file input_27.pdb (PDB, C-alpha atoms (C1' of nucleotides))
MODEL        1
ATOM      1  CA  MET A   1     -49.224 -51.110  -1.671
ATOM      2  CA  PRO A   2     -46.139 -49.807   0.137
ATOM      3  CA  LEU A   3     -42.664 -51.012  -0.635
ATOM      4  CA  GLU A   4     -41.272 -53.274   2.068
ATOM      5  CA  ILE A   5     -37.616 -52.662   2.779
ATOM      6  CA  ARG A   6     -35.788 -53.160   6.034
ATOM      7  CA  PRO A   7     -33.042 -50.746   7.064
ATOM      8  CA  SER A   8     -30.319 -53.358   6.646
ATOM      9  CA  GLN A   9     -31.520 -54.086   3.123
ATOM     10  CA  ALA A  10     -31.822 -50.402   2.338
ATOM     11  CA  LEU A  11     -28.235 -49.808   3.408
ATOM     12  CA  ARG A  12     -26.866 -52.675   1.341
ATOM     13  CA  LEU A  13     -28.811 -51.408  -1.667
ATOM     14  CA  TRP A  14     -27.558 -47.861  -1.089
ATOM     15  CA  ARG A  15     -23.982 -49.084  -0.876
ATOM     16  CA  GLN A  16     -24.092 -51.251  -3.971
ATOM     17  CA  VAL A  17     -25.581 -48.534  -6.133
ATOM     18  CA  HIS A  18     -23.051 -45.977  -4.923
ATOM     19  CA  LEU A  19     -20.225 -48.424  -5.567
ATOM     20  CA  ASP A  20     -21.437 -48.771  -9.136
ATOM     21  CA  LEU A  21     -21.799 -45.021  -9.554
ATOM     22  CA  VAL A  22     -18.240 -44.482  -8.343
ATOM     23  CA  ARG A  23     -16.752 -47.311 -10.374
ATOM     24  CA  ASP A  24     -18.334 -46.457 -13.723
ATOM     25  CA  GLY A  25     -15.784 -43.688 -14.179
ATOM     26  CA  GLU A  26     -18.297 -41.014 -15.146
ATOM     27  CA  PRO A  27     -18.296 -37.864 -13.040
ATOM     28  CA  ASP A  28     -20.276 -38.291  -9.832
ATOM     29  CA  LEU A  29     -23.295 -36.089  -9.353
ATOM     30  CA  SER A  30     -23.637 -34.363  -6.006
ATOM     31  CA  ALA A  31     -26.738 -34.915  -3.901
ATOM     32  CA  ARG A  32     -28.074 -31.565  -5.056
ATOM     33  CA  GLN A  33     -27.463 -32.307  -8.691
ATOM     34  CA  THR A  34     -29.130 -35.691  -8.323
ATOM     35  CA  ALA A  35     -32.139 -34.168  -6.607
ATOM     36  CA  ILE A  36     -32.470 -31.562  -9.359
ATOM     37  CA  LEU A  37     -32.067 -34.068 -12.171
ATOM     38  CA  LEU A  38     -34.658 -36.451 -10.781
ATOM     39  CA  THR A  39     -37.081 -33.667  -9.968
ATOM     40  CA  VAL A  40     -36.960 -32.402 -13.536
ATOM     41  CA  TYR A  41     -37.467 -35.886 -14.965
ATOM     42  CA  LEU A  42     -40.075 -37.186 -12.528
ATOM     43  CA  GLU A  43     -42.208 -34.145 -11.803
ATOM     44  CA  LEU A  44     -44.469 -32.367 -14.247
ATOM     45  CA  PRO A  45     -43.068 -29.349 -16.076
ATOM     46  CA  PRO A  46     -42.552 -26.478 -16.166
ATOM     47  CA  HIS A  47     -39.461 -26.320 -13.944
ATOM     48  CA  THR A  48     -37.881 -22.994 -13.052
ATOM     49  CA  VAL A  49     -34.825 -21.997 -11.074
ATOM     50  CA  ARG A  50     -36.951 -20.499  -8.367
ATOM     51  CA  GLY A  51     -39.238 -23.518  -8.153
ATOM     52  CA  LEU A  52     -36.336 -25.929  -7.827
ATOM     53  CA  ALA A  53     -34.703 -23.723  -5.213
ATOM     54  CA  GLN A  54     -37.866 -23.860  -3.136
ATOM     55  CA  GLN A  55     -38.277 -27.610  -3.492
ATOM     56  CA  LEU A  56     -34.673 -28.279  -2.462
ATOM     57  CA  GLY A  57     -34.589 -25.624   0.226
ATOM     58  CA  VAL A  58     -31.500 -23.938  -1.235
ATOM     59  CA  THR A  59     -30.695 -20.550  -2.735
ATOM     60  CA  LYS A  60     -31.013 -19.709  -6.406
ATOM     61  CA  PRO A  61     -27.275 -19.545  -7.168
ATOM     62  CA  VAL A  62     -27.035 -23.150  -6.051
ATOM     63  CA  ILE A  63     -29.547 -24.096  -8.720
ATOM     64  CA  THR A  64     -27.859 -21.964 -11.362
ATOM     65  CA  ARG A  65     -24.504 -23.594 -10.720
ATOM     66  CA  ALA A  66     -25.971 -27.087 -10.685
ATOM     67  CA  LEU A  67     -27.734 -26.366 -13.973
ATOM     68  CA  ASP A  68     -24.434 -25.150 -15.434
ATOM     69  CA  THR A  69     -22.840 -28.473 -14.599
ATOM     70  CA  LEU A  70     -25.789 -30.648 -15.590
ATOM     71  CA  GLY A  71     -26.059 -28.690 -18.813
ATOM     72  CA  LYS A  72     -22.372 -29.156 -19.511
ATOM     73  CA  LEU A  73     -22.910 -32.888 -19.053
ATOM     74  CA  GLY A  74     -25.785 -32.701 -21.525
ATOM     75  CA  LEU A  75     -28.316 -33.986 -18.995
ATOM     76  CA  LEU A  76     -30.676 -31.028 -19.417
ATOM     77  CA  THR A  77     -30.980 -27.635 -21.088
ATOM     78  CA  ARG A  78     -32.296 -24.161 -20.301
ATOM     79  CA  LYS A  79     -34.663 -22.071 -22.399
ATOM     80  CA  ARG A  80     -36.047 -18.584 -21.957
ATOM     81  CA  ASP A  81     -39.754 -18.499 -21.250
ATOM     82  CA  GLU A  82     -41.092 -16.352 -24.082
ATOM     83  CA  ALA A  83     -44.303 -15.624 -22.201
ATOM     84  CA  ASP A  84     -42.389 -14.097 -19.287
ATOM     85  CA  ARG A  85     -38.844 -13.500 -20.346
ATOM     86  CA  ARG A  86     -37.640 -13.281 -16.759
ATOM     87  CA  ASN A  87     -38.187 -16.996 -16.354
ATOM     88  CA  VAL A  88     -35.977 -19.811 -17.502
ATOM     89  CA  VAL A  89     -37.544 -23.166 -18.224
ATOM     90  CA  ILE A  90     -35.447 -26.251 -17.550
ATOM     91  CA  GLN A  91     -35.967 -28.914 -20.179
ATOM     92  CA  ARG A  92     -35.153 -32.572 -20.492
ATOM     93  CA  THR A  93     -32.705 -34.026 -22.976
ATOM     94  CA  VAL A  94     -32.320 -37.432 -24.564
ATOM     95  CA  ALA A  95     -29.029 -37.984 -22.766
ATOM     96  CA  GLY A  96     -30.595 -37.003 -19.459
ATOM     97  CA  ALA A  97     -33.527 -39.317 -19.965
ATOM     98  CA  LEU A  98     -31.127 -42.159 -20.711
ATOM     99  CA  ALA A  99     -29.057 -41.404 -17.613
ATOM    100  CA  VAL A 100     -32.151 -41.352 -15.406
ATOM    101  CA  GLU A 101     -33.427 -44.569 -16.939
ATOM    102  CA  ARG A 102     -30.044 -46.150 -16.362
ATOM    103  CA  LEU A 103     -30.111 -45.120 -12.713
ATOM    104  CA  GLY A 104     -33.537 -46.662 -12.261
ATOM    105  CA  ASP A 105     -32.361 -49.902 -13.800
ATOM    106  CA  LEU A 106     -29.242 -49.851 -11.630
ATOM    107  CA  VAL A 107     -31.245 -49.578  -8.427
ATOM    108  CA  THR A 108     -33.693 -52.233  -9.594
ATOM    109  CA  GLU A 109     -30.920 -54.619 -10.542
ATOM    110  CA  HIS A 110     -29.211 -54.340  -7.182
ATOM    111  CA  ALA A 111     -32.513 -54.683  -5.366
ATOM    112  CA  LYS A 112     -32.901 -58.110  -6.940
ATOM    113  CA  GLU A 113     -29.580 -59.166  -5.442
ATOM    114  CA  ILE A 114     -30.571 -58.107  -1.975
ATOM    115  CA  GLY A 115     -31.865 -61.149  -0.173
ATOM    116  CA  ALA A 116     -33.636 -61.111   3.163
ATOM    117  CA  GLY A 117     -30.923 -59.506   5.258
TER
ATOM    118  CA  MET B   1     -36.142 -63.709  -1.573
ATOM    119  CA  PRO B   2     -35.179 -60.830  -3.867
ATOM    120  CA  LEU B   3     -36.430 -57.329  -3.369
ATOM    121  CA  GLU B   4     -39.044 -56.326  -5.939
ATOM    122  CA  ILE B   5     -38.686 -52.748  -7.114
ATOM    123  CA  ARG B   6     -39.649 -51.345 -10.475
ATOM    124  CA  PRO B   7     -37.486 -48.679 -12.088
ATOM    125  CA  SER B   8     -40.145 -46.000 -11.693
ATOM    126  CA  GLN B   9     -40.432 -46.802  -7.997
ATOM    127  CA  ALA B  10     -36.668 -46.880  -7.605
ATOM    128  CA  LEU B  11     -36.347 -43.440  -9.138
ATOM    129  CA  ARG B  12     -39.024 -41.950  -6.942
ATOM    130  CA  LEU B  13     -37.334 -43.447  -3.900
ATOM    131  CA  TRP B  14     -33.939 -42.166  -5.015
ATOM    132  CA  ARG B  15     -35.347 -38.689  -5.503
ATOM    133  CA  GLN B  16     -37.152 -38.487  -2.186
ATOM    134  CA  VAL B  17     -34.144 -39.619  -0.189
ATOM    135  CA  HIS B  18     -31.850 -37.172  -1.967
ATOM    136  CA  LEU B  19     -34.332 -34.374  -1.382
ATOM    137  CA  ASP B  20     -34.228 -35.168   2.330
ATOM    138  CA  LEU B  21     -30.433 -35.336   2.337
ATOM    139  CA  VAL B  22     -30.219 -31.932   0.663
ATOM    140  CA  ARG B  23     -32.845 -30.328   2.838
ATOM    141  CA  ASP B  24     -31.563 -31.461   6.223
ATOM    142  CA  GLY B  25     -28.853 -28.795   6.052
ATOM    143  CA  GLU B  26     -25.994 -31.097   6.998
ATOM    144  CA  PRO B  27     -23.086 -31.246   4.570
ATOM    145  CA  ASP B  28     -23.769 -33.601   1.681
ATOM    146  CA  LEU B  29     -21.493 -36.587   1.308
ATOM    147  CA  SER B  30     -20.160 -37.255  -2.158
ATOM    148  CA  ALA B  31     -20.829 -40.580  -3.834
ATOM    149  CA  ARG B  32     -17.310 -41.666  -2.968
ATOM    150  CA  GLN B  33     -17.642 -40.681   0.647
ATOM    151  CA  THR B  34     -20.969 -42.479   0.878
ATOM    152  CA  ALA B  35     -19.535 -45.613  -0.683
ATOM    153  CA  ILE B  36     -16.615 -45.561   1.758
ATOM    154  CA  LEU B  37     -18.770 -44.929   4.790
ATOM    155  CA  LEU B  38     -21.191 -47.729   3.996
ATOM    156  CA  THR B  39     -18.431 -50.145   3.108
ATOM    157  CA  VAL B  40     -16.757 -49.590   6.462
ATOM    158  CA  TYR B  41     -20.015 -50.045   8.346
ATOM    159  CA  LEU B  42     -21.468 -52.942   6.383
ATOM    160  CA  GLU B  43     -18.441 -55.051   5.519
ATOM    161  CA  LEU B  44     -16.297 -56.973   7.955
ATOM    162  CA  PRO B  45     -13.138 -55.259   9.238
ATOM    163  CA  PRO B  46     -10.322 -54.651   8.907
ATOM    164  CA  HIS B  47     -10.545 -51.809   6.376
ATOM    165  CA  THR B  48      -7.440 -50.223   4.920
ATOM    166  CA  VAL B  49      -6.818 -47.378   2.509
ATOM    167  CA  ARG B  50      -5.548 -49.755  -0.118
ATOM    168  CA  GLY B  51      -8.449 -52.133   0.320
ATOM    169  CA  LEU B  52     -11.005 -49.375  -0.033
ATOM    170  CA  ALA B  53      -9.204 -47.976  -3.053
ATOM    171  CA  GLN B  54      -9.440 -51.362  -4.742
ATOM    172  CA  GLN B  55     -13.095 -51.864  -3.904
ATOM    173  CA  LEU B  56     -14.061 -48.418  -5.210
ATOM    174  CA  GLY B  57     -11.747 -48.539  -8.197
ATOM    175  CA  VAL B  58     -10.051 -45.240  -7.301
ATOM    176  CA  THR B  59      -6.561 -44.135  -6.331
ATOM    177  CA  LYS B  60      -5.270 -44.011  -2.775
ATOM    178  CA  PRO B  61      -5.219 -40.210  -2.451
ATOM    179  CA  VAL B  62      -8.936 -40.236  -3.130
ATOM    180  CA  ILE B  63      -9.431 -42.482  -0.112
ATOM    181  CA  THR B  64      -7.064 -40.455   2.054
ATOM    182  CA  ARG B  65      -8.908 -37.253   1.281
ATOM    183  CA  ALA B  66     -12.312 -38.812   1.832
ATOM    184  CA  LEU B  67     -11.116 -40.179   5.169
ATOM    185  CA  ASP B  68      -9.893 -36.715   6.102
ATOM    186  CA  THR B  69     -13.351 -35.325   5.522
ATOM    187  CA  LEU B  70     -15.254 -38.208   7.093
ATOM    188  CA  GLY B  71     -12.914 -38.051  10.068
ATOM    189  CA  LYS B  72     -13.463 -34.317  10.392
ATOM    190  CA  LEU B  73     -17.192 -35.028  10.469
ATOM    191  CA  GLY B  74     -16.583 -37.613  13.199
ATOM    192  CA  LEU B  75     -18.058 -40.429  11.130
ATOM    193  CA  LEU B  76     -14.971 -42.653  11.438
ATOM    194  CA  THR B  77     -11.394 -42.674  12.679
ATOM    195  CA  ARG B  78      -7.983 -43.953  11.622
ATOM    196  CA  LYS B  79      -5.565 -45.998  13.656
ATOM    197  CA  ARG B  80      -2.086 -47.328  12.938
ATOM    198  CA  ASP B  81      -1.929 -51.078  12.626
ATOM    199  CA  GLU B  82       0.593 -52.057  15.297
ATOM    200  CA  ALA B  83       1.207 -55.413  13.668
ATOM    201  CA  ASP B  84       2.283 -53.774  10.400
ATOM    202  CA  ARG B  85       2.866 -50.109  10.989
ATOM    203  CA  ARG B  86       2.591 -49.305   7.296
ATOM    204  CA  ASN B  87      -1.108 -49.995   7.435
ATOM    205  CA  VAL B  88      -3.847 -47.753   8.721
ATOM    206  CA  VAL B  89      -7.013 -49.345  10.012
ATOM    207  CA  ILE B  90     -10.254 -47.452   9.518
ATOM    208  CA  GLN B  91     -12.557 -47.765  12.489
ATOM    209  CA  ARG B  92     -16.200 -47.027  13.151
ATOM    210  CA  THR B  93     -17.456 -44.361  15.527
ATOM    211  CA  VAL B  94     -20.666 -43.902  17.450
ATOM    212  CA  ALA B  95     -21.565 -40.840  15.403
ATOM    213  CA  GLY B  96     -20.895 -42.756  12.196
ATOM    214  CA  ALA B  97     -23.030 -45.669  13.276
ATOM    215  CA  LEU B  98     -25.863 -43.289  14.092
ATOM    216  CA  ALA B  99     -25.541 -41.534  10.722
ATOM    217  CA  VAL B 100     -25.616 -44.866   8.872
ATOM    218  CA  GLU B 101     -28.587 -46.050  10.896
ATOM    219  CA  ARG B 102     -30.372 -42.803  10.154
ATOM    220  CA  LEU B 103     -29.757 -43.254   6.442
ATOM    221  CA  GLY B 104     -31.178 -46.754   6.547
ATOM    222  CA  ASP B 105     -34.285 -45.501   8.320
ATOM    223  CA  LEU B 106     -34.617 -42.658   5.831
ATOM    224  CA  VAL B 107     -34.627 -45.012   2.866
ATOM    225  CA  THR B 108     -37.010 -47.389   4.594
ATOM    226  CA  GLU B 109     -39.413 -44.593   5.498
ATOM    227  CA  HIS B 110     -39.587 -43.294   1.955
ATOM    228  CA  ALA B 111     -39.981 -46.794   0.589
ATOM    229  CA  LYS B 112     -43.193 -47.100   2.572
ATOM    230  CA  GLU B 113     -44.557 -44.022   0.852
ATOM    231  CA  ILE B 114     -43.854 -45.382  -2.594
ATOM    232  CA  GLY B 115     -47.038 -46.967  -3.865
ATOM    233  CA  ALA B 116     -47.272 -49.151  -6.933
ATOM    234  CA  GLY B 117     -46.031 -46.683  -9.520
TER
ATOM    235  C1'  DC C   1      23.010 -54.818   6.891
ATOM    236  C1'  DG C   2      21.308 -52.977   2.393
ATOM    237  C1'  DA C   3      18.260 -52.913  -1.560
ATOM    238  C1'  DT C   4      13.607 -53.353  -2.882
ATOM    239  C1'  DA C   5       8.743 -53.193  -2.240
ATOM    240  C1'  DA C   6       4.584 -51.596  -0.150
ATOM    241  C1'  DT C   7       1.707 -48.435   2.549
ATOM    242  C1'  DG C   8      -0.453 -44.175   3.387
ATOM    243  C1'  DA C   9       0.258 -39.173   3.259
ATOM    244  C1'  DT C  10       1.517 -34.962   1.011
ATOM    245  C1'  DA C  11       2.406 -31.279  -2.760
ATOM    246  C1'  DC C  12       0.742 -29.185  -6.678
ATOM    247  C1'  DG C  13      -2.026 -26.721 -10.179
ATOM    248  C1'  DG C  14      -6.567 -26.737 -11.746
ATOM    249  C1'  DA C  15     -11.468 -27.201 -11.434
ATOM    250  C1'  DC C  16     -15.644 -27.016  -8.922
ATOM    251  C1'  DC C  17     -18.832 -25.596  -5.257
ATOM    252  C1'  DC C  18     -20.181 -22.849  -1.294
ATOM    253  C1'  DG C  19     -22.876 -18.590   0.813
ATOM    254  C1'  DT C  20     -23.489 -13.783   0.428
ATOM    255  C1'  DA C  21     -24.074  -9.801  -2.112
ATOM    256  C1'  DA C  22     -24.772  -7.342  -6.058
ATOM    257  C1'  DC C  23     -26.317  -7.052 -10.900
ATOM    258  C1'  DG C  24     -28.994  -6.581 -15.518
ATOM    259  C1'  DA C  25     -33.252  -7.811 -17.615
ATOM    260  C1'  DT C  26     -38.082  -8.017 -17.432
ATOM    261  C1'  DC C  27     -42.717  -7.485 -15.777
ATOM    262  C1'  DG C  28     -46.635  -5.120 -13.547
ATOM    263  C1'  DG C  29     -49.222  -1.595 -10.931
ATOM    264  C1'  DG C  30     -49.982   3.335  -9.981
TER
ATOM    265  C1'  DC D   1     -44.426   6.171 -18.211
ATOM    266  C1'  DC D   2     -41.835   4.892 -14.194
ATOM    267  C1'  DC D   3     -40.822   2.834  -9.987
ATOM    268  C1'  DG D   4     -40.727  -1.245  -7.384
ATOM    269  C1'  DA D   5     -40.800  -6.187  -7.455
ATOM    270  C1'  DT D   6     -39.221 -10.464  -9.442
ATOM    271  C1'  DC D   7     -36.456 -13.364 -12.298
ATOM    272  C1'  DG D   8     -32.002 -15.657 -13.167
ATOM    273  C1'  DT D   9     -27.160 -14.728 -13.326
ATOM    274  C1'  DT D  10     -22.695 -13.177 -11.978
ATOM    275  C1'  DA D  11     -18.837 -11.605  -8.716
ATOM    276  C1'  DC D  12     -16.301 -12.533  -4.785
ATOM    277  C1'  DG D  13     -13.397 -14.817  -1.240
ATOM    278  C1'  DG D  14     -12.909 -19.218   0.751
ATOM    279  C1'  DG D  15     -13.072 -24.002   0.922
ATOM    280  C1'  DT D  16     -12.997 -28.766  -1.088
ATOM    281  C1'  DC D  17     -11.951 -32.072  -4.419
ATOM    282  C1'  DC D  18      -9.629 -33.777  -8.522
ATOM    283  C1'  DG D  19      -5.497 -36.552 -10.829
ATOM    284  C1'  DT D  20      -0.651 -37.030 -10.943
ATOM    285  C1'  DA D  21       3.624 -37.213  -8.985
ATOM    286  C1'  DT D  22       6.354 -37.518  -5.089
ATOM    287  C1'  DC D  23       7.360 -38.410  -0.256
ATOM    288  C1'  DA D  24       8.441 -40.657   4.471
ATOM    289  C1'  DT D  25       7.819 -44.714   6.971
ATOM    290  C1'  DT D  26       7.909 -49.456   7.496
ATOM    291  C1'  DA D  27       8.458 -54.248   6.134
ATOM    292  C1'  DT D  28      10.671 -57.955   3.521
ATOM    293  C1'  DC D  29      14.178 -60.600   1.676
ATOM    294  C1'  DG D  30      18.766 -61.544  -0.121
TER
ENDMDL
END

call {"tool": "encode", "arguments": {"input": "input_27.pdb", "output": "structure tokens"}}
result
Amino acid sequence: MPLEIRPSQALRLWRQVHLDLVRDGEPDLSARQTAILLTVYLELPPHTVRGLAQQLGVTKPVITRALDTLGKLGLLTRKRDEADRRNVVIQRTVAGALAVERLGDLVTEHAKEIGAG
Amino acid sequence: MPLEIRPSQALRLWRQVHLDLVRDGEPDLSARQTAILLTVYLELPPHTVRGLAQQLGVTKPVITRALDTLGKLGLLTRKRDEADRRNVVIQRTVAGALAVERLGDLVTEHAKEIGAG
DNA sequence: CGATAATGATACGGACCCGTAACGATCGGG
DNA sequence: CCCGATCGTTACGGGTCCGTATCATTATCG
């Protein structure tokens, strides 16, 4: 049961959501930060720096820096893996879950407004 | 004829598209740059710095800087308005149109992959 | 003409991110 | 035990973006 969207509709949806994201005043997440955030909240744990770097096709410092920022925003946290103390496990937070939920609602809301265009 | 998307589907779509945008190696556009680009290509001209600033709810230097970057990437150009030489008209480019079209296709493609989730 | 308003661009100090390279901590095999 | 491999982080120089304030140019109106 695929989702039917035409390119013109997709673009209007993309624009409206980005307009909202810009206008809400909160700091914008970069594409990398967004990809990391959604991966952590949509895919099954555990999530590690290395695993995220592979999924995004970027280097590890990129993930570390993005986690610094996302952590500062309270959207997720890091914890040492006690089984293998080299690893760091990225964990979800209440604030992050709320932000992700809000994004999903935002997209859904704007989709409703998109007529057959 | 509204578009029916559930939040969980919207989030999966949002993630997949951002993963592609990150992985394709090209420089990521910020949320503001994306909003500007799509506004110029989806809304009727003319587009001015002041007009875009109002629509996005940001200050004019934000628009100027974003136009610098988008212009450097060849995604749009600026031209003096000869009727009122205080104004600058933002114009579309072939490369910009292709980039926007590609984004629309990207979203549409991933939408097809999103089953009933 | 001259004063005022409006437009877009620029200057500035500060913060963030980039890619590359190096680093300390930890694990695992010989 | 110890040496190499692996993990995540940090250092570095360079670039971009931020918000605020200011600027030059142009138009408008008395």

call {"tool": "closest_residue", "arguments": {"input": "input_27.pdb", "among": "B:Leu42, B:Ile36, B:Leu67, B:Lys79", "to": "A:Gln9", "atoms": "all atoms listed in the file"}}
result
B:Leu42

call {"tool": "closest_atom_pairs", "arguments": {"input": "input_27.pdb", "of": "chain B", "to": "chain D", "cutoff": "10 Å", "atoms": "all atoms listed in the file", "output": "CSV"}}
result
residue,atom,partner,partner_atom,distance
B:Ser30,CA,D:DC17,C1',10.0
B:Thr59,CA,D:DG19,C1',8.9
B:Pro61,CA,D:DG19,C1',9.1
B:Val62,CA,D:DC18,C1',8.4
B:Arg65,CA,D:DC17,C1',8.3
B:Ala66,CA,D:DC17,C1',9.2
B:Thr69,CA,D:DT16,C1',9.3
B:Asp84,CA,D:DA27,C1',7.5
B:Arg85,CA,D:DT26,C1',6.2
B:Arg86,CA,D:DT26,C1',5.3
B:Asn87,CA,D:DT26,C1',9.0

call {"tool": "axis_aligned_box", "arguments": {"input": "input_27.pdb", "around": "stretch 32-35 of chain B", "padding_each_side": "8 Å", "output": "JSON"}}
result
{"center_x": -19.1, "center_y": -43.1, "center_z": -1.0, "size_x": 19.7, "size_y": 20.9, "size_z": 19.8}

call {"tool": "interface_residues", "arguments": {"input": "input_27.pdb", "of": "chain C", "to": "chain A", "cutoff": "8 Å", "atoms": "all atoms listed in the file", "output": "ChimeraX atom specification"}}
result
/C:25-27

call {"tool": "resolve_selection", "arguments": {"input": "input_27.pdb", "expression": "the PyMOL selection byres ((chain B) within 9 of (chain A))", "output": "PyMOL selection string"}}
result
chain B and resi 1-12+14-25+28-32+34-39+42+55-58+100-116

call {"tool": "atom_distance", "arguments": {"input": "input_27.pdb", "atom1": "atom CA of B:Val40", "atom2": "atom CA of B:Leu76"}}
result
8.7 Å

call {"tool": "atom_distance", "arguments": {"input": "input_27.pdb", "atom1": "atom CA of A:Arg92", "atom2": "atom CA of A:Thr77"}}
result
6.5 Å

call {"tool": "atom_distance", "arguments": {"input": "input_27.pdb", "atom1": "atom CA of B:Pro45", "atom2": "atom CA of B:Ile90"}}
result
8.3 Å

call {"tool": "build_atoms", "arguments": {"input": "input_27.pdb", "residues": "stretch 15-30 of chain B", "atoms": "N, CA and C atoms", "output": "mmCIF file, keeping the file's coordinate frame"}}
result
data_model
loop_
_atom_site.group_PDB
_atom_site.id
_atom_site.type_symbol
_atom_site.label_atom_id
_atom_site.label_comp_id
_atom_site.auth_asym_id
_atom_site.auth_seq_id
_atom_site.Cartn_x
_atom_site.Cartn_y
_atom_site.Cartn_z
ATOM 1 N N ARG B 15 -35.117 -40.130 -5.558
ATOM 2 C CA ARG B 15 -35.347 -38.689 -5.503
ATOM 3 C C ARG B 15 -35.738 -38.236 -4.099
ATOM 4 N N GLN B 16 -36.665 -38.914 -3.501
ATOM 5 C CA GLN B 16 -37.152 -38.487 -2.186
ATOM 6 C C GLN B 16 -36.041 -38.509 -1.143
ATOM 7 N N VAL B 17 -35.221 -39.539 -1.170
ATOM 8 C CA VAL B 17 -34.144 -39.619 -0.189
ATOM 9 C C VAL B 17 -33.135 -38.505 -0.425
ATOM 10 N N HIS B 18 -32.802 -38.243 -1.690
ATOM 11 C CA HIS B 18 -31.850 -37.172 -1.967
ATOM 12 C C HIS B 18 -32.430 -35.808 -1.592
ATOM 13 N N LEU B 19 -33.714 -35.626 -1.810
ATOM 14 C CA LEU B 19 -34.332 -34.374 -1.382
ATOM 15 C C LEU B 19 -34.164 -34.194 0.126
ATOM 16 N N ASP B 20 -34.406 -35.247 0.877
ATOM 17 C CA ASP B 20 -34.228 -35.168 2.330
ATOM 18 C C ASP B 20 -32.781 -34.868 2.691
ATOM 19 N N LEU B 21 -31.857 -35.539 2.024
ATOM 20 C CA LEU B 21 -30.433 -35.336 2.337
ATOM 21 C C LEU B 21 -30.026 -33.896 2.055
ATOM 22 N N VAL B 22 -30.559 -33.319 0.996
ATOM 23 C CA VAL B 22 -30.219 -31.932 0.663
ATOM 24 C C VAL B 22 -30.856 -30.982 1.671
ATOM 25 N N ARG B 23 -32.094 -31.270 2.019
ATOM 26 C CA ARG B 23 -32.845 -30.328 2.838
ATOM 27 C C ARG B 23 -32.450 -30.332 4.301
ATOM 28 N N ASP B 24 -31.839 -31.391 4.789
ATOM 29 C CA ASP B 24 -31.563 -31.461 6.223
ATOM 30 C C ASP B 24 -30.426 -30.523 6.644
ATOM 31 N N GLY B 25 -29.834 -29.818 5.679
ATOM 32 C CA GLY B 25 -28.853 -28.795 6.052
ATOM 33 C C GLY B 25 -27.456 -29.323 6.325
ATOM 34 N N GLU B 26 -27.328 -30.566 6.728
ATOM 35 C CA GLU B 26 -25.994 -31.097 6.998
ATOM 36 C C GLU B 26 -25.210 -31.234 5.699
ATOM 37 N N PRO B 27 -23.888 -31.186 5.794
ATOM 38 C CA PRO B 27 -23.086 -31.246 4.570
ATOM 39 C C PRO B 27 -23.314 -32.550 3.813
ATOM 40 N N ASP B 28 -23.531 -32.419 2.506
ATOM 41 C CA ASP B 28 -23.769 -33.601 1.681
ATOM 42 C C ASP B 28 -22.487 -34.414 1.542
ATOM 43 N N LEU B 29 -22.629 -35.718 1.602
ATOM 44 C CA LEU B 29 -21.493 -36.587 1.308
ATOM 45 C C LEU B 29 -21.477 -36.867 -0.189
ATOM 46 N N SER B 30 -20.273 -36.895 -0.749
ATOM 47 C CA SER B 30 -20.160 -37.255 -2.158
ATOM 48 C C SER B 30 -20.434 -38.748 -2.321
#
